[in-house]
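Shown next: my_file22.cif, containing mmCIF, C-alpha atoms.
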```
data_input
#
loop_
_atom_site.group_PDB
_atom_site.id
_atom_site.type_symbol
_atom_site.label_atom_id
_atom_site.label_comp_id
_atom_site.auth_asym_id
_atom_site.auth_seq_id
_atom_site.Cartn_x
_atom_site.Cartn_y
_atom_site.Cartn_z
ATOM 1 C CA MET A 595 -43.373 40.760 -30.940
ATOM 2 C CA THR A 596 -40.253 40.102 -29.048
ATOM 3 C CA THR A 597 -38.535 42.623 -26.920
ATOM 4 C CA PRO A 598 -34.803 42.806 -27.497
ATOM 5 C CA ARG A 599 -32.894 41.915 -24.400
ATOM 6 C CA ARG A 600 -31.253 44.729 -22.668
ATOM 7 C CA THR A 601 -27.543 44.477 -22.446
ATOM 8 C CA SER A 602 -25.338 46.276 -19.995
ATOM 9 C CA HIS A 603 -22.283 47.805 -21.454
ATOM 10 C CA ARG A 604 -20.847 49.307 -18.300
ATOM 11 C CA PRO A 605 -18.644 46.885 -16.311
ATOM 12 C CA LYS A 606 -20.285 47.794 -12.987
ATOM 13 C CA ALA A 607 -23.713 47.109 -14.418
ATOM 14 C CA LYS A 608 -22.513 43.831 -15.842
ATOM 15 C CA LEU A 609 -21.210 42.725 -12.471
ATOM 16 C CA SER A 610 -24.435 43.562 -10.683
ATOM 17 C CA SER A 611 -26.618 42.012 -13.372
ATOM 18 C CA GLN A 612 -28.389 38.838 -12.346
ATOM 19 C CA ARG A 613 -29.386 37.806 -15.831
ATOM 20 C CA GLY A 614 -28.431 34.168 -16.450
ATOM 21 C CA ALA A 615 -27.264 33.743 -12.868
ATOM 22 C CA SER A 616 -29.301 30.586 -12.323
ATOM 23 C CA ILE A 617 -27.207 28.664 -14.851
ATOM 24 C CA ILE A 618 -24.015 29.837 -13.235
ATOM 25 C CA ILE A 619 -25.278 28.922 -9.785
ATOM 26 C CA ALA A 620 -26.365 25.514 -11.083
ATOM 27 C CA LEU A 621 -22.958 24.945 -12.633
ATOM 28 C CA LEU A 622 -21.271 25.944 -9.372
ATOM 29 C CA LEU A 623 -23.505 23.508 -7.512
ATOM 30 C CA THR A 624 -22.529 20.832 -10.035
ATOM 31 C CA LEU A 625 -18.881 21.554 -9.418
ATOM 32 C CA VAL A 626 -19.337 21.288 -5.644
ATOM 33 C CA CYS A 627 -21.337 18.070 -6.001
ATOM 34 C CA VAL A 628 -18.758 16.501 -8.300
ATOM 35 C CA VAL A 629 -15.930 17.375 -5.919
ATOM 36 C CA VAL A 630 -17.803 16.091 -2.856
ATOM 37 C CA ALA A 631 -18.901 12.903 -4.682
ATOM 38 C CA ALA A 632 -15.347 12.274 -5.853
ATOM 39 C CA LEU A 633 -13.988 12.729 -2.326
ATOM 40 C CA VAL A 634 -16.623 10.484 -0.738
ATOM 41 C CA THR A 635 -16.113 7.742 -3.332
ATOM 42 C CA LEU A 636 -12.333 8.009 -3.055
ATOM 43 C CA ALA A 637 -12.465 7.703 0.737
ATOM 44 C CA ALA A 638 -14.696 4.625 0.534
ATOM 45 C CA SER A 639 -12.485 3.029 -2.109
ATOM 46 C CA VAL A 640 -9.352 3.666 -0.061
ATOM 47 C CA ASN A 641 -11.065 2.173 2.992
ATOM 48 C CA ALA A 642 -12.126 -0.944 1.059
ATOM 49 C CA GLU A 643 -8.704 -1.322 -0.524
ATOM 50 C CA ARG A 644 -7.002 -1.000 2.844
ATOM 51 C CA GLY A 645 -9.307 -3.731 4.158
ATOM 52 C CA ARG A 646 -8.282 -6.008 1.300
ATOM 53 C CA GLN A 647 -4.625 -5.197 1.909
ATOM 54 C CA ASP A 648 -4.993 -5.933 5.637
ATOM 55 C CA TYR A 649 -6.690 -9.215 4.826
ATOM 56 C CA ALA A 650 -3.877 -10.263 2.468
ATOM 57 C CA GLU A 651 -1.303 -9.322 5.097
ATOM 58 C CA GLN A 652 -3.186 -11.307 7.733
ATOM 59 C CA GLU A 653 -3.204 -14.357 5.463
ATOM 60 C CA SER A 654 0.509 -13.919 5.000
ATOM 61 C CA TYR A 655 1.040 -13.420 8.751
ATOM 62 C CA TYR A 656 -0.810 -16.602 9.751
ATOM 63 C CA ALA A 657 0.921 -18.643 7.058
ATOM 64 C CA GLN A 658 4.336 -17.415 8.218
ATOM 65 C CA ARG A 659 3.507 -17.814 11.900
ATOM 66 C CA SER A 660 2.282 -21.369 11.382
ATOM 67 C CA ALA A 661 5.374 -22.256 9.381
ATOM 68 C CA ALA A 662 7.701 -20.652 11.934
ATOM 69 C CA GLU A 663 5.987 -22.451 14.827
ATOM 70 C CA MET A 664 6.198 -25.723 12.967
ATOM 71 C CA VAL A 665 9.932 -25.319 12.402
ATOM 72 C CA ALA A 666 10.510 -23.994 15.936
ATOM 73 C CA GLN A 667 8.692 -27.000 17.361
ATOM 74 C CA HIS A 668 10.926 -29.189 15.281
ATOM 75 C CA VAL A 669 14.114 -27.453 16.418
ATOM 76 C CA SER A 670 12.993 -27.422 20.078
ATOM 77 C CA ASN A 671 12.760 -31.152 19.844
ATOM 78 C CA LEU A 672 16.397 -31.427 18.843
ATOM 79 C CA ALA A 673 19.355 -31.740 21.167
ATOM 80 C CA ALA A 674 23.018 -32.405 20.657
ATOM 81 C CA THR A 675 25.598 -34.157 22.797
ATOM 82 C CA LYS A 676 29.315 -34.090 22.483
ATOM 83 C CA GLN A 677 30.840 -37.368 21.475
ATOM 84 C CA GLY A 678 34.575 -37.054 21.131
ATOM 85 C CA ASP A 679 35.347 -33.933 19.169
ATOM 86 C CA ALA A 680 32.002 -33.671 17.462
ATOM 87 C CA TYR A 681 28.406 -33.038 18.392
ATOM 88 C CA VAL A 682 25.741 -35.567 17.536
ATOM 89 C CA VAL A 683 22.278 -34.117 17.013
ATOM 90 C CA TYR A 684 19.267 -36.240 17.796
ATOM 91 C CA ALA A 685 15.508 -35.883 18.219
ATOM 92 C CA ARG A 686 14.405 -36.026 21.850
ATOM 93 C CA THR A 687 10.878 -37.440 21.533
ATOM 94 C CA ALA A 688 9.360 -40.312 19.655
ATOM 95 C CA GLN A 689 7.654 -37.946 17.284
ATOM 96 C CA GLY A 690 10.929 -36.230 16.719
ATOM 97 C CA GLU A 691 12.613 -39.593 16.232
ATOM 98 C CA ALA A 692 10.470 -40.093 13.190
ATOM 99 C CA ASN A 693 11.467 -36.670 11.943
ATOM 100 C CA ASN A 694 14.597 -37.742 10.220
ATOM 101 C CA THR A 695 14.358 -34.634 8.223
ATOM 102 C CA ALA A 696 16.515 -32.057 6.565
ATOM 103 C CA VAL A 697 16.355 -29.854 9.683
ATOM 104 C CA LEU A 698 18.031 -32.495 11.815
ATOM 105 C CA GLN A 699 20.644 -33.163 9.157
ATOM 106 C CA TRP A 700 21.292 -29.457 8.715
ATOM 107 C CA ALA A 701 21.588 -28.955 12.493
ATOM 108 C CA GLN A 702 24.042 -31.861 12.662
ATOM 109 C CA GLN A 703 26.265 -30.304 10.008
ATOM 110 C CA SER A 704 25.895 -26.774 11.312
ATOM 111 C CA VAL A 705 26.799 -27.349 14.967
ATOM 112 C CA ASN A 706 29.997 -29.070 13.939
ATOM 113 C CA THR A 707 30.781 -26.370 11.412
ATOM 114 C CA VAL A 708 30.348 -23.745 14.142
ATOM 115 C CA LYS A 709 32.409 -25.815 16.523
ATOM 116 C CA GLY A 710 35.154 -25.871 13.897
ATOM 117 C CA GLY A 711 35.051 -22.067 13.795
ATOM 118 C CA SER A 712 33.434 -21.703 10.394
ATOM 119 C CA THR A 713 30.126 -20.209 9.328
ATOM 120 C CA PRO A 714 27.543 -22.855 8.497
ATOM 121 C CA SER A 715 25.380 -22.719 5.419
ATOM 122 C CA THR A 716 21.716 -21.847 5.634
ATOM 123 C CA LEU A 717 18.815 -24.206 5.069
ATOM 124 C CA MET A 718 15.819 -23.125 3.028
ATOM 125 C CA LEU A 719 12.452 -24.788 3.563
ATOM 126 C CA THR A 720 9.435 -24.181 1.341
ATOM 127 C CA MET A 721 6.168 -24.992 3.078
ATOM 128 C CA SER A 722 2.960 -25.309 1.114
ATOM 129 C CA VAL A 723 -0.478 -26.536 2.113
ATOM 130 C CA THR A 724 -1.135 -29.322 -0.346
ATOM 131 C CA GLU A 725 -4.326 -30.793 1.022
ATOM 132 C CA GLY A 726 -7.261 -29.754 3.132
ATOM 133 C CA ASN A 727 -7.228 -26.079 2.316
ATOM 134 C CA ASP A 728 -10.498 -26.475 0.386
ATOM 135 C CA GLY A 729 -9.531 -24.119 -2.373
ATOM 136 C CA LYS A 730 -8.503 -21.333 -0.042
ATOM 137 C CA ASP A 731 -5.459 -19.403 -1.028
ATOM 138 C CA ILE A 732 -2.953 -20.141 1.719
ATOM 139 C CA PRO A 733 0.326 -18.646 0.560
ATOM 140 C CA ASP A 734 3.479 -20.736 0.386
ATOM 141 C CA VAL A 735 6.073 -19.826 2.968
ATOM 142 C CA THR A 736 9.817 -19.846 2.618
ATOM 143 C CA VAL A 737 11.625 -20.465 5.897
ATOM 144 C CA THR A 738 15.359 -19.886 6.119
ATOM 145 C CA LEU A 739 17.372 -21.296 9.004
ATOM 146 C CA SER A 740 20.780 -19.981 9.891
ATOM 147 C CA MET A 741 23.054 -20.705 12.852
ATOM 148 C CA ASP A 742 25.214 -18.115 14.600
ATOM 149 C CA ARG A 743 28.507 -18.703 16.351
ATOM 150 C CA ASN A 744 26.728 -19.330 19.671
ATOM 151 C CA TYR A 745 24.710 -22.127 18.065
ATOM 152 C CA GLY A 746 21.608 -19.927 18.135
ATOM 153 C CA ILE A 747 19.251 -20.609 15.260
ATOM 154 C CA THR A 748 17.586 -17.720 13.453
ATOM 155 C CA ILE A 749 14.316 -18.392 11.656
ATOM 156 C CA THR A 750 13.425 -16.044 8.813
ATOM 157 C CA THR A 751 10.089 -16.370 7.049
ATOM 158 C CA ALA A 752 8.542 -14.826 3.958
ATOM 159 C CA THR A 753 5.533 -15.582 1.796
ATOM 160 C CA THR A 754 5.698 -15.797 -1.956
ATOM 161 C CA GLY A 755 3.445 -13.635 -4.088
ATOM 162 C CA GLY A 756 0.865 -11.068 -3.058
ATOM 163 C CA ALA A 757 1.056 -8.800 -0.057
ATOM 164 C CA SER A 758 3.592 -10.148 2.381
ATOM 165 C CA TYR A 759 3.630 -9.468 6.091
ATOM 166 C CA ALA A 760 7.069 -8.412 7.304
ATOM 167 C CA MET A 761 7.546 -11.037 9.976
ATOM 168 C CA PRO A 762 10.377 -10.308 12.417
ATOM 169 C CA LYS A 763 13.187 -12.827 12.636
ATOM 170 C CA LEU A 764 12.965 -15.365 15.435
ATOM 171 C CA LEU A 765 15.983 -16.429 17.432
ATOM 172 C CA MET A 766 16.233 -19.749 19.244
ATOM 173 C CA ARG A 767 19.063 -19.338 21.718
ATOM 174 C CA CYS A 768 21.197 -22.324 22.583
ATOM 175 C CA SER A 769 22.478 -23.459 25.921
ATOM 176 C CA ALA A 770 26.027 -24.343 24.993
ATOM 177 C CA GLY A 771 28.110 -26.909 26.828
ATOM 178 C CA ASP A 772 28.631 -30.600 26.450
ATOM 179 C CA SER A 773 25.062 -30.806 25.276
ATOM 180 C CA LEU A 774 23.108 -28.350 23.172
ATOM 181 C CA GLU A 775 19.423 -27.531 23.475
ATOM 182 C CA TRP A 776 17.486 -24.790 21.810
ATOM 183 C CA ALA A 777 15.090 -22.574 23.753
ATOM 184 C CA THR A 778 11.691 -21.389 22.586
ATOM 185 C CA PRO A 779 11.974 -18.704 19.925
ATOM 186 C CA THR A 780 12.042 -15.018 20.738
ATOM 187 C CA VAL A 781 11.815 -12.083 18.400
ATOM 188 C CA GLN A 782 15.263 -11.076 17.320
ATOM 189 C CA THR A 783 15.729 -7.437 18.187
ATOM 190 C CA GLY A 784 19.336 -6.769 17.300
ATOM 191 C CA ALA A 785 22.231 -8.221 15.389
ATOM 192 C CA SER A 786 22.998 -11.833 16.084
ATOM 193 C CA SER A 787 25.956 -12.250 18.434
ATOM 194 C CA MET B 544 -38.238 51.196 -5.741
ATOM 195 C CA ARG B 545 -40.408 52.158 -8.623
ATOM 196 C CA ARG B 546 -37.657 51.145 -10.970
ATOM 197 C CA LEU B 547 -37.469 47.707 -9.426
ATOM 198 C CA VAL B 548 -41.199 47.220 -9.687
ATOM 199 C CA LYS B 549 -41.227 48.191 -13.313
ATOM 200 C CA ASP B 550 -38.149 46.176 -14.131
ATOM 201 C CA THR B 551 -39.133 43.303 -16.408
ATOM 202 C CA SER B 552 -35.678 41.795 -16.786
ATOM 203 C CA GLY B 553 -35.384 38.214 -15.557
ATOM 204 C CA GLU B 554 -34.691 34.721 -16.734
ATOM 205 C CA THR B 555 -36.501 32.828 -19.361
ATOM 206 C CA ILE B 556 -38.320 29.618 -18.520
ATOM 207 C CA VAL B 557 -35.758 27.712 -20.576
ATOM 208 C CA GLU B 558 -32.908 29.084 -18.476
ATOM 209 C CA THR B 559 -34.715 28.228 -15.285
ATOM 210 C CA LEU B 560 -35.554 24.722 -16.460
ATOM 211 C CA ALA B 561 -32.001 24.123 -17.606
ATOM 212 C CA ALA B 562 -30.685 25.256 -14.239
ATOM 213 C CA MET B 563 -33.136 22.994 -12.432
ATOM 214 C CA ILE B 564 -32.149 20.020 -14.562
ATOM 215 C CA ILE B 565 -28.469 20.681 -13.899
ATOM 216 C CA CYS B 566 -29.147 20.957 -10.153
ATOM 217 C CA ALA B 567 -31.180 17.742 -10.168
ATOM 218 C CA LEU B 568 -28.454 15.840 -12.013
ATOM 219 C CA SER B 569 -25.817 17.171 -9.651
ATOM 220 C CA ILE B 570 -27.768 16.110 -6.603
ATOM 221 C CA ALA B 571 -28.486 12.698 -8.157
ATOM 222 C CA LEU B 572 -24.766 12.264 -8.758
ATOM 223 C CA LEU B 573 -23.982 13.193 -5.172
ATOM 224 C CA VAL B 574 -26.634 10.868 -3.762
ATOM 225 C CA THR B 575 -25.384 7.986 -5.929
ATOM 226 C CA ALA B 576 -21.829 8.550 -4.740
ATOM 227 C CA VAL B 577 -22.882 8.673 -1.097
ATOM 228 C CA VAL B 578 -24.998 5.513 -1.414
ATOM 229 C CA THR B 579 -22.180 3.660 -3.188
ATOM 230 C CA SER B 580 -19.688 4.764 -0.540
ATOM 231 C CA ALA B 581 -22.005 3.695 2.255
ATOM 232 C CA ARG B 582 -22.403 0.273 0.623
ATOM 233 C CA LEU B 583 -18.618 -0.107 0.230
ATOM 234 C CA ASN B 584 -18.050 0.901 3.837
ATOM 235 C CA GLY B 585 -20.777 -1.485 4.984
ATOM 236 C CA GLN B 586 -19.194 -4.362 3.090
ATOM 237 C CA ALA B 587 -15.774 -3.545 4.555
ATOM 238 C CA ALA B 588 -17.213 -3.394 8.085
ATOM 239 C CA GLN B 589 -19.059 -6.691 7.590
ATOM 240 C CA SER B 590 -15.914 -8.320 6.269
ATOM 241 C CA ARG B 591 -13.910 -7.116 9.295
ATOM 242 C CA SER B 592 -16.603 -8.382 11.616
ATOM 243 C CA ASP B 593 -16.629 -11.822 9.934
ATOM 244 C CA VAL B 594 -12.878 -12.106 10.102
ATOM 245 C CA SER B 595 -12.655 -10.994 13.728
ATOM 246 C CA SER B 596 -13.808 -14.289 15.292
ATOM 247 C CA GLN B 597 -11.674 -16.283 12.861
ATOM 248 C CA GLU B 598 -8.677 -14.212 13.912
ATOM 249 C CA GLU B 599 -9.146 -15.178 17.538
ATOM 250 C CA LYS B 600 -9.295 -18.852 16.643
ATOM 251 C CA ALA B 601 -6.371 -18.674 14.233
ATOM 252 C CA GLU B 602 -4.321 -16.766 16.793
ATOM 253 C CA GLY B 603 -4.745 -19.316 19.546
ATOM 254 C CA ASN B 604 -5.044 -22.505 17.469
ATOM 255 C CA GLY B 605 -8.480 -22.735 19.012
ATOM 256 C CA GLY B 606 -11.057 -24.288 16.729
ATOM 257 C CA PHE B 607 -12.490 -23.529 13.388
ATOM 258 C CA ASP B 608 -15.351 -21.508 11.933
ATOM 259 C CA GLY B 609 -16.984 -22.561 8.707
ATOM 260 C CA SER B 610 -17.411 -25.700 6.718
ATOM 261 C CA THR B 611 -13.869 -26.539 5.709
ATOM 262 C CA VAL B 612 -12.379 -29.828 6.798
ATOM 263 C CA PRO B 613 -10.055 -28.771 9.604
ATOM 264 C CA THR B 614 -7.217 -31.133 8.760
ATOM 265 C CA GLY B 615 -4.850 -31.252 5.843
ATOM 266 C CA GLU B 616 -1.305 -31.723 4.771
ATOM 267 C CA VAL B 617 1.671 -29.452 4.464
ATOM 268 C CA THR B 618 4.535 -30.376 2.206
ATOM 269 C CA VAL B 619 7.915 -29.178 3.399
ATOM 270 C CA THR B 620 10.578 -29.051 0.733
ATOM 271 C CA ALA B 621 14.114 -28.508 1.982
ATOM 272 C CA THR B 622 16.746 -27.052 -0.288
ATOM 273 C CA ASN B 623 20.263 -27.624 0.956
ATOM 274 C CA ALA B 624 23.275 -25.481 0.235
ATOM 275 C CA ASP B 625 24.427 -27.895 -2.461
ATOM 276 C CA GLY B 626 21.066 -27.525 -4.238
ATOM 277 C CA SER B 627 19.751 -30.955 -3.314
ATOM 278 C CA THR B 628 16.124 -31.130 -2.198
ATOM 279 C CA SER B 629 14.053 -33.430 -0.042
ATOM 280 C CA SER B 630 10.361 -33.343 0.825
ATOM 281 C CA HIS B 631 8.287 -34.439 3.797
ATOM 282 C CA VAL B 632 4.530 -34.311 4.200
ATOM 283 C CA TYR B 633 3.102 -33.352 7.597
ATOM 284 C CA THR B 634 -0.464 -33.783 8.792
ATOM 285 C CA VAL B 635 -1.749 -30.504 10.156
ATOM 286 C CA ALA B 636 -4.881 -29.215 11.861
ATOM 287 C CA PHE B 637 -6.283 -25.905 10.710
ATOM 288 C CA SER B 638 -7.556 -23.199 13.006
ATOM 289 C CA GLY B 639 -9.455 -20.046 12.137
ATOM 290 C CA GLY B 640 -12.155 -20.063 9.492
ATOM 291 C CA ASP B 641 -12.946 -19.945 5.811
ATOM 292 C CA ASP B 642 -11.062 -16.695 5.350
ATOM 293 C CA LEU B 643 -8.130 -16.800 7.752
ATOM 294 C CA VAL B 644 -6.292 -20.008 8.565
ATOM 295 C CA SER B 645 -3.368 -21.013 10.685
ATOM 296 C CA TYR B 646 -2.184 -24.581 11.133
ATOM 297 C CA HIS B 647 -0.139 -26.704 13.469
ATOM 298 C CA VAL B 648 1.392 -30.142 13.138
ATOM 299 C CA THR B 649 -0.541 -33.084 14.465
ATOM 300 C CA GLY B 650 1.268 -36.015 12.962
ATOM 301 C CA VAL B 651 4.671 -37.299 12.055
ATOM 302 C CA PRO B 652 5.902 -36.829 8.483
ATOM 303 C CA GLU B 653 5.112 -39.471 5.902
#
```
Any chance you could put this one into structure tokens?
Amino acid sequence: MTTPRRTSHRPKAKLSSQRGASIIIALLLTLVCVVVAALVTLAASVNAERGRQDYAEQESYYAQRSAAEMVAQHVSNLAATKQGDAYVVYARTAQGEANNTAVLQWAQQSVNTVKGGSTPSTLMLTMSVTEGNDGKDIPDVTVTLSMDRNYGITITTATTGGASYAMPKLLMRCSAGDSLEWATPTVQTGASS
Amino acid sequence: MRRLVKDTSGETIVETLAAMIICALSIALLVTAVVTSARLNGQAAQSRSDVSSQEEKAEGNGGFDGSTVPTGEVTVTATNADGSTSSHVYTVAFSGGDDLVSYHVTGVPE
């Protein structure tokens, strides 16, 4: 014989009744656990994702830095002397002598364009590791060279695809006179003069 | 007091068992989440630790960690204002490690 369950009809009695409370407490515990688990998992995922993002930015940073140093080394090796009304740009060392490259040709055109009072065109270089990277994903770098009216050369770099590090522009100041030489690059802080 | 002693109201065994099962599942869920998070954090920390020494080498062009051949080639393609292009290949030496690499020129362009 089963005893019918007593039911409370008065609101106060209902509130103070503990019948079935274990289920409610268990469900509350579930809610707390789900919220805590979600927060813990979210925090770990964000941490891991930030690590991946940092890693991609570091890859981009080193690719851009290497490319910028390579170009800066190239430009540092250049010099120009005045011959008549025009500047002639040449490579100062034997290694540079072999570098009969687009940078030298661009510098040749640009210094004379600046000397003539015009704004020279920019030169875009795309640098990609084509051998020896052993399957690693080294991003391609686009380097843009521009020359200001003081013959200073600004180097702008960017990587293509993926997370890209925002590399500051580098400025190679020029000692102007009868001969031109470009100093080691410094981070460009303001507008080019 | 007497009323409390005589009171037979309570929860059935089914209710109690159901509550216990729900509690157990909740705690299992929480433990799983914590363990997974700890593993993710451990992997991230290990990855940062691995990369740290490579960073130093890549930063200063000072040597190489790992098994990769530390030399290679970089192709530089120049695009002039008139749209014409020319390419040169430079021999470079890599610095860093298997994960992070910087490079610098070691030879004249071919």
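Here the question is which of A:Thr780, A:Ser722, A:Gln699, A:Ser704 gets nearest to chain B using only C-alpha atoms, and that residue is A:Ser722.
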Q: When you get a sec, could you note down which chain A residues fall within 7 Å of chain B, using all atoms listed in the file, as a ChimeraX atom specification?
A: /A:613-614,616-617,620,623-624,627-628,631,634-635,638,642,645,653,656-657,660,664,689,692-693,696,715-728
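With the shown file loaded, the PyMOL selection byres ((chain A and resi 650) around 12) picks out Glu643, Arg644, Gly645, Arg646, Gln647, Asp648, Tyr649, Glu651, Gln652, Glu653, Ser654, Tyr655, Tyr656, Ala657, Asp731, Ile732, Pro733, Thr753, Thr754, Gly755, Gly756, Ala757, Ser758 and Tyr759 of chain A; Val594, Asp642, Leu643 and Val644 of chain B.
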How big is the axis-aligned box around all listed atoms of stretch 576-579 of chain B once 3 Å goes on each side, and where's its centre, in Å to one decimal, as lines of an AutoDock Vina configuration file?
```
center_x = -23.4
center_y = 6.2
center_z = -2.9
size_x = 9.2
size_y = 11.0
size_z = 9.6
```
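Of the listed residues (A:Gln677, A:Gln782, A:Thr687, A:Ser773), A:Gln782 comes nearest to A:Ile747; the distances count all atoms listed in the file.
In terms of minimum interatomic distance to A:Tyr745, A:Met766 ranks closest within A:Val665, A:Met766, A:Val640, A:Ala760, counting all atoms listed in the file.
When atom CA of A:Ala685 is paired with atom CA of A:Ala673, their separation reads 6.4 Å.
Our summary of the geometry notes that atom CA of A:Thr707 is positioned 18.3 Å from atom CA of A:Ile749.
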Q) For A:Arg659, which of A:Ala607, A:Met761, A:Leu672, A:Ala680 is the closest residue, counting only C-alpha atoms? A) A:Met761
Complete stretch 611-624 of chain B with N, CA and C atoms (output as an mmCIF file, in the frame of the given file).
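Contents of the output file selection.cif:
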```
data_model
loop_
_atom_site.group_PDB
_atom_site.id
_atom_site.type_symbol
_atom_site.label_atom_id
_atom_site.label_comp_id
_atom_site.auth_asym_id
_atom_site.auth_seq_id
_atom_site.Cartn_x
_atom_site.Cartn_y
_atom_site.Cartn_z
ATOM 1 N N THR B 611 -15.044 -25.867 6.250
ATOM 2 C CA THR B 611 -13.869 -26.539 5.709
ATOM 3 C C THR B 611 -13.400 -27.664 6.624
ATOM 4 N N VAL B 612 -12.944 -28.722 6.007
ATOM 5 C CA VAL B 612 -12.379 -29.828 6.798
ATOM 6 C C VAL B 612 -11.147 -29.303 7.538
ATOM 7 N N PRO B 613 -11.127 -29.429 8.858
ATOM 8 C CA PRO B 613 -10.055 -28.771 9.604
ATOM 9 C C PRO B 613 -8.744 -29.523 9.668
ATOM 10 N N THR B 614 -8.534 -30.495 8.808
ATOM 11 C CA THR B 614 -7.217 -31.133 8.760
ATOM 12 C C THR B 614 -6.719 -31.141 7.325
ATOM 13 N N GLY B 615 -5.416 -31.253 7.192
ATOM 14 C CA GLY B 615 -4.850 -31.252 5.843
ATOM 15 C C GLY B 615 -3.401 -31.660 5.881
ATOM 16 N N GLU B 616 -2.712 -31.344 4.848
ATOM 17 C CA GLU B 616 -1.305 -31.723 4.771
ATOM 18 C C GLU B 616 -0.463 -30.543 4.314
ATOM 19 N N VAL B 617 0.713 -30.476 4.876
ATOM 20 C CA VAL B 617 1.671 -29.452 4.464
ATOM 21 C C VAL B 617 2.918 -30.157 3.957
ATOM 22 N N THR B 618 3.316 -29.798 2.772
ATOM 23 C CA THR B 618 4.535 -30.376 2.206
ATOM 24 C C THR B 618 5.699 -29.433 2.475
ATOM 25 N N VAL B 619 6.721 -29.969 3.102
ATOM 26 C CA VAL B 619 7.915 -29.178 3.399
ATOM 27 C C VAL B 619 9.030 -29.642 2.473
ATOM 28 N N THR B 620 9.485 -28.727 1.656
ATOM 29 C CA THR B 620 10.578 -29.051 0.733
ATOM 30 C C THR B 620 11.834 -28.328 1.196
ATOM 31 N N ALA B 621 12.862 -29.096 1.503
ATOM 32 C CA ALA B 621 14.114 -28.508 1.982
ATOM 33 C C ALA B 621 15.099 -28.408 0.831
ATOM 34 N N THR B 622 15.705 -27.244 0.723
ATOM 35 C CA THR B 622 16.746 -27.052 -0.288
ATOM 36 C C THR B 622 18.062 -26.825 0.436
ATOM 37 N N ASN B 623 18.975 -27.734 0.273
ATOM 38 C CA ASN B 623 20.263 -27.624 0.956
ATOM 39 C C ASN B 623 21.194 -26.692 0.186
ATOM 40 N N ALA B 624 22.315 -26.406 0.847
ATOM 41 C CA ALA B 624 23.275 -25.481 0.235
ATOM 42 C C ALA B 624 23.800 -26.015 -1.091
#
```
